[in-house]
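**Q** This is model.txt, which holds compact mmCIF, C-alpha atoms:
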# COMPACT_ATOMS: atom_id res chain seq x y z
CA VAL A 30 7.30 -11.81 55.80
CA SER A 31 5.96 -10.18 52.75
CA ALA A 32 4.53 -12.21 49.93
CA PRO A 33 6.71 -12.77 46.91
CA ALA A 34 6.14 -10.27 44.17
CA PRO A 35 4.30 -11.73 41.23
CA ALA A 36 6.23 -11.95 38.03
CA LEU A 37 5.44 -9.24 35.61
CA ALA A 38 3.40 -10.64 32.79
CA LYS A 39 4.66 -9.86 29.37
CA PRO A 40 2.12 -8.02 27.32
CA GLN A 41 0.95 -9.91 24.30
CA ARG A 42 1.68 -7.78 21.30
CA PRO A 43 -0.31 -8.56 18.20
CA THR A 44 1.73 -10.00 15.38
CA VAL A 45 1.06 -8.25 12.11
CA ILE A 46 1.98 -10.13 8.96
CA VAL A 47 1.85 -8.00 5.86
CA ARG A 48 1.89 -10.24 2.80
CA LEU A 49 2.46 -9.29 -0.80
CA ALA A 50 -1.25 -9.49 -1.48
CA ASP A 51 -1.90 -6.82 1.17
CA ALA A 52 0.64 -4.39 -0.22
CA ALA A 53 -0.09 -5.25 -3.85
CA VAL A 54 -2.63 -2.49 -4.39
CA ALA A 55 -0.26 0.27 -3.31
CA VAL A 56 2.59 -1.06 -5.44
CA ALA A 57 0.26 -1.65 -8.37
CA THR A 58 -1.05 1.90 -8.11
CA LEU A 59 2.50 3.19 -8.21
CA SER A 60 3.22 1.04 -11.23
CA LEU A 61 0.03 2.22 -12.90
CA ILE A 62 0.98 5.85 -12.36
CA PHE A 63 4.39 5.16 -13.86
CA GLY A 64 2.81 3.51 -16.90
CA LEU A 65 0.33 6.34 -17.40
CA LEU A 66 3.12 8.90 -17.23
CA LEU A 67 5.00 6.93 -19.87
CA VAL A 68 1.94 6.83 -22.13
CA PHE A 69 0.78 10.42 -21.76
CA PHE A 70 4.24 12.01 -21.58
CA PRO A 71 6.30 9.81 -23.89
CA VAL A 72 9.06 12.39 -24.33
CA ALA A 73 9.08 14.58 -21.26
CA PHE A 74 8.91 11.87 -18.61
CA PRO A 75 11.80 9.74 -19.97
CA ARG A 76 13.79 12.93 -20.41
CA ILE A 77 13.27 13.81 -16.76
CA ILE A 78 14.47 10.35 -15.77
CA VAL A 79 17.53 10.55 -18.00
CA THR A 80 18.38 14.04 -16.76
CA SER A 81 18.02 12.95 -13.16
CA TRP A 82 20.23 9.96 -13.84
CA GLN A 83 22.93 12.06 -15.43
CA ARG A 84 22.93 14.53 -12.55
CA GLY A 85 22.94 11.78 -9.94
CA TYR A 86 19.52 12.56 -8.47
CA LEU A 87 17.70 9.46 -9.65
CA ALA A 88 19.02 7.07 -7.02
CA MET A 89 18.23 9.55 -4.26
CA VAL A 90 14.72 10.13 -5.57
CA LEU A 91 14.11 6.39 -5.78
CA MET A 92 15.37 5.92 -2.23
CA VAL A 93 13.08 8.65 -0.93
CA LEU A 94 10.18 7.23 -2.90
CA THR A 95 10.79 3.76 -1.52
CA LEU A 96 11.08 5.08 2.02
CA VAL A 97 7.85 7.03 1.70
CA LEU A 98 6.05 4.01 0.25
CA ASP A 99 7.31 1.73 3.02
CA ALA A 100 6.38 4.26 5.69
CA PHE A 101 2.94 4.65 4.18
CA LEU A 102 2.41 0.88 4.08
CA TYR A 103 3.57 0.53 7.67
CA LEU A 104 1.41 3.37 8.95
CA ARG A 105 -1.58 1.96 7.12
CA ALA A 106 -1.01 -1.47 8.60
CA SER A 107 -0.59 0.02 12.06
CA TYR A 108 -3.69 2.11 11.61
CA LEU A 109 -5.80 -0.83 10.54
CA ARG A 110 -4.51 -3.07 13.29
CA SER A 111 -4.28 -0.32 15.93
CA ALA A 112 -0.87 -1.69 16.78
CA LYS A 113 1.96 0.21 18.32
CA PRO A 114 5.23 0.55 16.47
CA THR A 115 8.25 -1.07 17.97
CA VAL A 116 11.09 1.09 19.13
CA LEU A 117 13.23 0.27 16.10
CA VAL A 118 10.50 0.98 13.57
CA ALA A 119 9.43 4.09 15.41
CA ALA A 120 13.01 5.31 15.36
CA CYS A 121 13.17 4.76 11.62
CA LEU A 122 9.95 6.66 11.12
CA GLY A 123 11.02 9.35 13.52
CA SER A 124 14.06 10.07 11.41
CA PHE A 125 11.77 12.00 9.11
CA ALA A 126 11.48 14.82 11.57
CA ASN A 127 14.66 14.56 13.56
CA ARG A 128 15.89 17.99 12.62
CA ARG A 129 12.67 19.65 13.47
CA ARG A 130 12.30 17.71 16.66
CA ARG A 131 15.38 19.28 18.11
CA ARG A 132 13.46 22.49 18.41
CA THR A 133 9.95 21.22 18.76
CA GLN A 134 7.96 18.54 20.45
CA LEU A 135 4.83 16.73 19.62
CA SER A 136 1.61 18.16 20.90
CA TYR A 137 -1.30 16.25 19.60
CA GLY A 138 -4.22 14.98 21.64
CA LYS A 139 -3.27 12.10 23.90
CA CYS A 140 0.20 11.96 22.43
CA ARG A 141 1.44 14.94 24.37
CA ARG A 142 4.78 13.64 25.51
CA SER A 143 8.32 14.81 25.38
CA ASP A 144 9.19 11.45 23.87
CA ASN A 145 6.90 10.59 21.03
CA PHE A 146 7.49 6.86 20.89
CA PRO A 147 6.77 4.48 23.68
CA GLY A 148 9.20 2.28 25.45
CA PRO A 149 8.45 -1.29 26.39
CA ALA A 150 7.15 -0.25 29.77
CA GLU A 151 4.41 1.85 28.27
CA SER A 152 3.44 -0.60 25.60
CA ALA A 153 1.63 -2.88 27.98
CA SER A 154 -0.62 -0.26 29.47
CA SER A 155 -1.34 1.32 26.16
CA TYR A 156 -2.10 -2.00 24.60
CA GLN A 157 -4.53 -2.83 27.38
CA ARG A 158 -6.05 0.59 27.06
CA GLY A 159 -7.30 -0.23 23.61
CA SER A 160 -7.12 1.80 20.49
CA THR A 161 -4.00 3.78 19.87
CA ARG A 162 -5.12 5.25 16.63
CA SER A 163 -4.71 8.84 17.69
CA TYR A 164 -1.24 7.95 18.87
CA LEU A 165 -0.31 6.61 15.46
CA LEU A 166 -1.82 9.56 13.70
CA GLY A 167 0.30 11.75 15.89
CA ILE A 168 3.37 10.19 14.36
CA GLY A 169 2.31 11.36 10.95
CA LEU A 170 1.29 14.76 12.22
CA ARG A 171 4.35 15.56 14.24
CA CYS A 172 5.71 17.88 11.61
CA PHE A 173 2.46 19.78 11.44
CA SER A 174 1.52 20.18 15.06
CA ALA A 175 4.62 21.32 16.84
CA LEU A 176 5.02 23.80 19.60
CA PRO A 177 8.16 25.48 20.92
CA ARG A 178 10.07 23.18 23.22
CA ASP A 179 9.06 24.75 26.48
CA PRO A 180 7.43 22.45 29.03
CA ALA A 181 5.40 25.23 30.52
CA SER A 182 4.35 26.78 27.29
CA ALA A 183 1.72 24.27 26.32
CA THR A 184 -0.77 22.28 28.27
CA VAL A 185 -3.20 19.66 27.18
CA GLN A 186 -6.80 19.50 28.23
CA GLY A 187 -8.47 16.70 26.37
CA ASN A 188 -7.73 17.23 22.76
CA LYS A 189 -7.19 20.97 23.06
CA LEU A 190 -3.90 22.67 23.35
CA GLY A 191 -3.37 25.51 25.71
CA THR A 192 -1.37 28.29 24.18
CA GLN A 193 -1.62 30.91 26.86
CA GLN A 194 2.12 31.46 27.22
CA LEU A 195 3.01 31.32 23.59
CA ASN A 196 4.09 34.16 21.46
CA PRO A 197 0.86 35.91 20.40
CA SER A 198 1.97 35.92 16.81
CA LEU A 199 2.11 32.15 16.86
CA ARG A 200 -1.30 31.56 18.34
CA LEU A 201 -3.12 31.85 15.07
CA PHE A 202 -0.90 29.30 13.38
CA LEU A 203 -0.84 26.88 16.29
CA ARG A 204 -4.54 26.45 16.71
CA PRO A 205 -5.19 22.72 16.50
CA SER A 206 -8.54 23.25 14.92
CA PHE A 207 -6.83 24.68 11.90
CA TYR A 208 -3.86 22.48 11.19
CA THR A 209 -4.17 19.23 13.04
CA GLN A 210 -7.78 18.52 12.29
CA ALA A 211 -7.39 19.30 8.61
CA VAL A 212 -4.35 17.11 8.26
CA GLN A 213 -5.99 14.43 10.37
CA ARG A 214 -8.98 14.35 8.05
CA VAL A 215 -6.73 14.12 5.02
CA VAL A 216 -4.75 11.24 6.53
CA ARG A 217 -7.92 9.40 7.49
CA TRP A 218 -9.41 9.94 4.08
CA ILE A 219 -6.29 8.56 2.41
CA LEU A 220 -6.21 5.54 4.69
CA ARG A 221 -9.87 4.80 4.12
CA SER A 222 -9.71 5.33 0.39
CA VAL A 223 -6.81 2.95 0.00
CA SER A 224 -8.49 0.18 1.95
CA PRO A 225 -12.12 0.69 2.84
CA THR A 226 -12.34 -2.63 4.66
CA ARG A 227 -10.41 -3.04 7.84
CA SER A 228 -10.23 -6.78 7.39
CA SER A 229 -7.56 -6.68 4.74
CA LEU A 230 -4.74 -7.24 7.18
CA ILE A 231 -6.01 -10.16 9.17
CA SER A 232 -2.88 -12.04 9.93
CA THR A 233 -4.35 -15.49 10.28
CA PHE A 234 -6.47 -17.20 7.73
CA MET B 12 -2.21 7.55 -27.13
CA SER B 13 -2.10 4.48 -29.27
CA LEU B 14 -5.16 2.30 -29.67
CA LYS B 15 -3.25 -0.89 -29.14
CA TRP B 16 -3.04 -0.44 -25.37
CA PRO B 17 -6.82 -0.48 -24.86
CA LEU B 18 -6.93 -3.45 -27.23
CA TRP B 19 -4.22 -5.21 -25.25
CA ILE B 20 -6.12 -4.60 -22.02
CA SER B 21 -9.48 -5.60 -23.43
CA LEU B 22 -8.00 -8.80 -24.84
CA TYR B 23 -7.14 -10.08 -21.38
CA VAL B 24 -10.31 -8.76 -19.79
CA VAL B 25 -12.50 -10.37 -22.43
CA LEU B 26 -10.69 -13.70 -22.69
CA GLY B 27 -9.79 -13.94 -19.02
CA VAL B 28 -12.93 -12.68 -17.32
CA LEU B 29 -15.90 -12.17 -19.62
CA VAL B 30 -15.60 -15.35 -21.68
CA PRO B 31 -15.54 -17.67 -18.62
CA TRP B 32 -18.49 -15.79 -17.16
CA ALA B 33 -20.44 -16.05 -20.42
CA THR B 34 -19.55 -19.72 -20.67
CA ALA B 35 -20.91 -20.35 -17.17
CA LEU B 36 -24.13 -18.55 -18.07
CA SER B 37 -24.51 -20.51 -21.27
CA TRP B 38 -23.87 -23.77 -19.44
CA ALA B 39 -26.57 -22.92 -16.92
CA HIS B 40 -28.97 -22.01 -19.72
CA GLN B 41 -28.20 -25.19 -21.67
CA HIS B 42 -28.78 -27.42 -18.67
CA GLY B 43 -31.89 -25.59 -17.55
CA SER B 44 -30.33 -24.58 -14.29
CA GLU B 45 -31.47 -21.64 -12.22
CA MET B 46 -27.86 -20.80 -11.48
CA ARG B 47 -26.90 -17.25 -12.42
CA PRO B 48 -23.27 -16.93 -11.38
CA ARG B 49 -21.86 -13.48 -10.94
CA VAL B 50 -18.29 -12.62 -11.78
CA ARG B 51 -17.46 -12.34 -8.08
CA GLN B 52 -18.82 -15.82 -7.42
CA LEU B 53 -17.09 -17.26 -10.45
CA PHE B 54 -13.68 -16.08 -9.26
CA GLN B 55 -14.14 -16.61 -5.54
CA ARG B 56 -11.64 -19.46 -5.39
CA GLY B 57 -8.74 -17.34 -6.64
CA GLU B 58 -9.06 -17.97 -10.36
CA LEU B 59 -8.07 -14.38 -11.06
CA GLY B 60 -4.60 -15.40 -9.95
CA LEU B 61 -4.52 -17.83 -12.86
CA VAL B 62 -5.47 -15.00 -15.20
CA GLY B 63 -2.56 -13.04 -13.78
CA LEU B 64 -0.29 -15.99 -14.38
CA VAL B 65 -1.33 -16.08 -18.03
CA VAL B 66 -0.59 -12.36 -18.33
CA VAL B 67 2.84 -12.88 -16.80
CA ILE B 68 3.67 -15.69 -19.20
CA SER B 69 2.87 -13.58 -22.23
CA VAL B 70 4.83 -10.60 -20.90
CA ILE B 71 7.85 -12.76 -20.11
CA TRP B 72 7.69 -14.22 -23.59
CA ASN B 73 7.70 -10.74 -25.13
CA LEU B 74 10.53 -9.77 -22.83
CA LEU B 75 12.63 -12.69 -23.96
CA GLN B 76 12.20 -11.59 -27.57
CA SER B 77 13.48 -8.10 -26.84
CA GLN B 78 16.96 -6.72 -27.37
CA PHE B 79 17.66 -5.68 -23.82
CA MET B 80 20.77 -6.87 -22.04
CA GLN B 81 20.61 -10.43 -20.82
CA GLN B 82 20.92 -9.33 -17.21
CA THR B 83 18.03 -6.91 -17.57
CA ILE B 84 15.87 -9.54 -19.21
CA ALA B 85 16.72 -12.09 -16.53
CA LEU B 86 16.01 -9.69 -13.69
CA ALA B 87 12.68 -8.54 -15.09
CA ALA B 88 11.64 -12.08 -16.00
CA VAL B 89 12.43 -13.44 -12.55
CA LEU B 90 10.59 -10.56 -10.88
CA LEU B 91 7.53 -11.05 -13.05
CA ALA B 92 7.67 -14.82 -12.60
CA VAL B 93 7.76 -14.51 -8.81
CA ILE B 94 4.74 -12.21 -8.74
CA GLY B 95 2.88 -14.39 -11.24
CA THR B 96 3.63 -17.51 -9.25
CA MET B 97 2.33 -15.88 -6.08
CA ALA B 98 -0.82 -14.87 -7.94
CA GLY B 99 -1.30 -18.44 -9.10
CA ASP B 100 -0.59 -19.74 -5.61
CA VAL B 101 -3.71 -18.02 -4.33
CA TRP B 102 -5.75 -20.50 -6.35
CA ILE B 103 -3.49 -23.38 -5.31
CA GLU B 104 -3.84 -22.53 -1.64
CA SER B 105 -7.58 -22.17 -1.97
CA TYR B 106 -7.81 -25.58 -3.61
CA CYS B 107 -5.62 -27.18 -0.93
CA ARG B 108 -7.63 -25.62 1.89
CA GLN B 109 -10.91 -26.72 0.41
CA SER B 110 -9.61 -30.22 -0.26
CA THR B 111 -8.25 -30.72 3.24
CA GLY B 112 -11.09 -29.00 5.06
CA THR B 113 -8.84 -26.30 6.45
CA ALA B 114 -10.36 -22.95 7.31
CA TRP B 115 -11.06 -21.08 4.10
CA ASN B 116 -12.28 -17.55 3.55
CA SER B 117 -13.68 -16.97 0.08
CA GLU B 118 -13.76 -13.20 0.51
CA ARG B 119 -10.10 -13.10 1.42
CA THR B 120 -9.14 -15.45 -1.40
CA ARG B 121 -11.01 -13.35 -3.92
CA ARG B 122 -9.45 -10.16 -2.59
CA ASP B 123 -5.93 -11.57 -2.66
CA SER B 124 -6.29 -12.88 -6.19
CA ARG B 125 -7.75 -9.58 -7.33
CA ASN B 126 -4.95 -7.56 -5.75
CA LEU B 127 -2.20 -9.76 -7.15
CA ALA B 128 -3.83 -9.88 -10.58
CA PHE B 129 -3.97 -6.07 -10.52
CA LEU B 130 -0.29 -5.94 -9.56
CA VAL B 131 0.65 -8.38 -12.31
CA PHE B 132 -1.42 -6.47 -14.82
CA THR B 133 0.08 -3.07 -14.03
CA MET B 134 3.64 -4.37 -13.97
CA GLY B 135 3.05 -6.24 -17.20
CA SER B 136 1.62 -3.09 -18.74
CA VAL B 137 4.69 -1.08 -17.75
CA VAL B 138 7.01 -3.72 -19.20
CA GLU B 139 5.03 -3.81 -22.43
CA ILE B 140 5.07 -0.02 -22.70
CA ILE B 141 8.82 0.07 -22.13
CA LEU B 142 9.32 -2.66 -24.71
CA ASP B 143 7.24 -0.71 -27.19
CA ARG B 144 9.16 2.50 -26.60
CA PHE B 145 12.47 0.70 -26.81
CA ALA B 146 11.47 -0.93 -30.10
CA LYS B 147 10.56 2.48 -31.54
CA VAL B 148 13.86 3.99 -30.44
CA ALA B 149 15.80 1.04 -31.84
CA ALA B 150 14.00 1.36 -35.16
CA LEU B 151 15.15 4.96 -35.64
Is it possible to express this structure as structure tokens?
**A**
Amino acid sequence: VSAPAPALAKPQRPTVIVRLADAAVAVATLSLIFGLLLVFFPVAFPRIIVTSWQRGYLAMVLMVLTLVLDAFLYLRASYLRSAKPTVLVAACLGSFANRRRRRTQLSYGKCRRSDNFPGPAESASSYQRGSTRSYLLGIGLRCFSALPRDPASATVQGNKLGTQQLNPSLRLFLRPSFYTQAVQRVVRWILRSVSPTRSSLISTF
Amino acid sequence: MSLKWPLWISLYVVLGVLVPWATALSWAHQHGSEMRPRVRQLFQRGELGLVGLVVVISVIWNLLQSQFMQQTIALAAVLLAVIGTMAGDVWIESYCRQSTGTAWNSERTRRDSRNLAFLVFTMGSVVEIILDRFAKVAAL
């Protein structure tokens, strides 16, 4: 008689609470930029707004702006907390690159998977593994580090991509040292410059 | 760029930040105390949220005097009032935590009050700029 199988323990996912005070700096910066544009371009900037409104672009621009701001706030919170995105949030973020993803797949460091976002089964092991920062950065870099969707065309050894079977004309543009590292540095610089202290998102007092 | 915007900003900075700091220094000097409070220490209990609340009150008052539609005025006033109330609540929460002995982090309180005061200040500035532009257009 075999022993009963132990119940699978549910992984404890960290709860991230983003309050208004945490997101206030980003929103205030946006408001400050808007005010400065109004002061320094008192005629041109309102005219652009009015023209966009009359042509029906203003609502779309505001929606895109809001989406980008929300995505930025979420990625920053995830970066600071090293938390994994849930499936729903990841799907929302993944909608940025849905068109491109039909032809490409993510190839970035440890994130080399045909499916970029984890399911519940993988969350536990990844959470126990520790930092998932490179994973989260890969979400932001998916548009910049894509390879043709051929399983045998790219291999991963550490953080390097193998491009032996790629079209030779693409090799120059697909070198990770050129694109991914540059964009990675820019993303890290932005994240650090917005909030130099990692303790700004501590969920409990 | 008009000179009144730097004056408007400096008015709140001077009366809201520098005057309390100078008053604390003068009090320490008058009483012969060795205390030399810095601005960060003076506002470590979330008092910057109260400064933000004062800014919000003045902006809402100017908004109520404007000739915008009633719905626009109500929406902007409620939005500003909510943010101002949350800025003031930082000080309230700090006071309650200190009074009841609950865990209290001065660095976090100061950071929250600073962030919310910055948000209140920028939003108030935008509202004031829009009010100024609208008044100029209406005067034509």
**Q** Which value, in Å to one decimal, gives the distance between atom CA of Asn126 of chain B and atom CA of Ser107 of chain A?
**A**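 Taking atom CA of Asn126 of chain B and atom CA of Ser107 of chain A, their separation equals 19.8 Å.
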**Q** What are the nearest atom pairs, with distances in Å to one decimal, for all residues of chain A that come at most 6 Å from chain B, using all atoms listed in the file, set out by chain and rising residue number as CSV?
**A**
residue,atom,partner,partner_atom,distance
A:Ala50,CA,B:Asp123,CA,5.3
A:Ala53,CA,B:Asn126,CA,5.7
A:Val54,CA,B:Asn126,CA,5.7
A:Ala57,CA,B:Leu130,CA,4.5
A:Ser60,CA,B:Thr133,CA,5.9
A:Leu61,CA,B:Thr133,CA,5.4
A:Gly64,CA,B:Val137,CA,5.0
**Q** Kindly give the distance, in Å, that separates atom CA of Phe74 of chain A and atom CA of Leu102 of chain A, rounded to a single decimal.
**A**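 Pair atom CA of Phe74 of chain A / atom CA of Leu102 of chain A returns 26.0 Å.
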**Q** Hey, can you check how far atom CA of Ser77 of chain B sits from atom CA of Leu142 of chain B?
**A**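 That distance, rounded to one decimal, is 7.2 Å.
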**Q** Give the centre and edge lengths of an axis-aligned box, in Å to one decimal, that holds all listed atoms of segment 64-78 of chain B with 8 Å on each side, as JSON.
**A**
{"center_x": 7.8, "center_y": -11.4, "center_z": -21.0, "size_x": 34.3, "size_y": 25.4, "size_z": 29.2}
**Q** Write out as number ranges by chain each polymer residue whose atoms come within 10 Å of Glu104 of chain B, counting only C-alpha atoms; drop sequence neighbours fewer than 5 positions from it.
**A** B: 56-57, 99, 109-110, 115, 120
**Q** I'd like the neighbourhood of segment 20-36 of chain B as a list in words, where a residue qualifies if any of its atoms comes within 8 Å (using all atoms listed in the file), though same-chain residues fewer than 4 positions away should be ignored.
**A** Trp16, His40, Met46, Arg47, Pro48, Arg49, Val50, Leu53, Val62 and Val66 of chain B
**Q** Next, write the just-selected residues to a file, as an mmCIF file, in the coordinates of the input, keeping C-alpha atoms as the atom set.
**A**
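New file result-v5.cif:
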data_model
loop_
_atom_site.group_PDB
_atom_site.id
_atom_site.type_symbol
_atom_site.label_atom_id
_atom_site.label_comp_id
_atom_site.auth_asym_id
_atom_site.auth_seq_id
_atom_site.Cartn_x
_atom_site.Cartn_y
_atom_site.Cartn_z
ATOM 1 C CA TRP B 16 -3.040 -0.440 -25.370
ATOM 2 C CA HIS B 40 -28.970 -22.010 -19.720
ATOM 3 C CA MET B 46 -27.860 -20.800 -11.480
ATOM 4 C CA ARG B 47 -26.900 -17.250 -12.420
ATOM 5 C CA PRO B 48 -23.270 -16.930 -11.380
ATOM 6 C CA ARG B 49 -21.860 -13.480 -10.940
ATOM 7 C CA VAL B 50 -18.290 -12.620 -11.780
ATOM 8 C CA LEU B 53 -17.090 -17.260 -10.450
ATOM 9 C CA VAL B 62 -5.470 -15.000 -15.200
ATOM 10 C CA VAL B 66 -0.590 -12.360 -18.330
#
**Q** So, with all atoms listed in the file as the atoms that count, which of B:Val70, B:Ile103, B:Ala150, B:Leu86 lies closest to Glu58 of chain B?
**A** B:Ile103
**Q** Taking into account all atoms listed in the file, which residue in the set B:Gln78, B:Gly63, B:Tyr106, B:Lys147 is nearest to Leu91 of chain B?
**A** B:Gly63
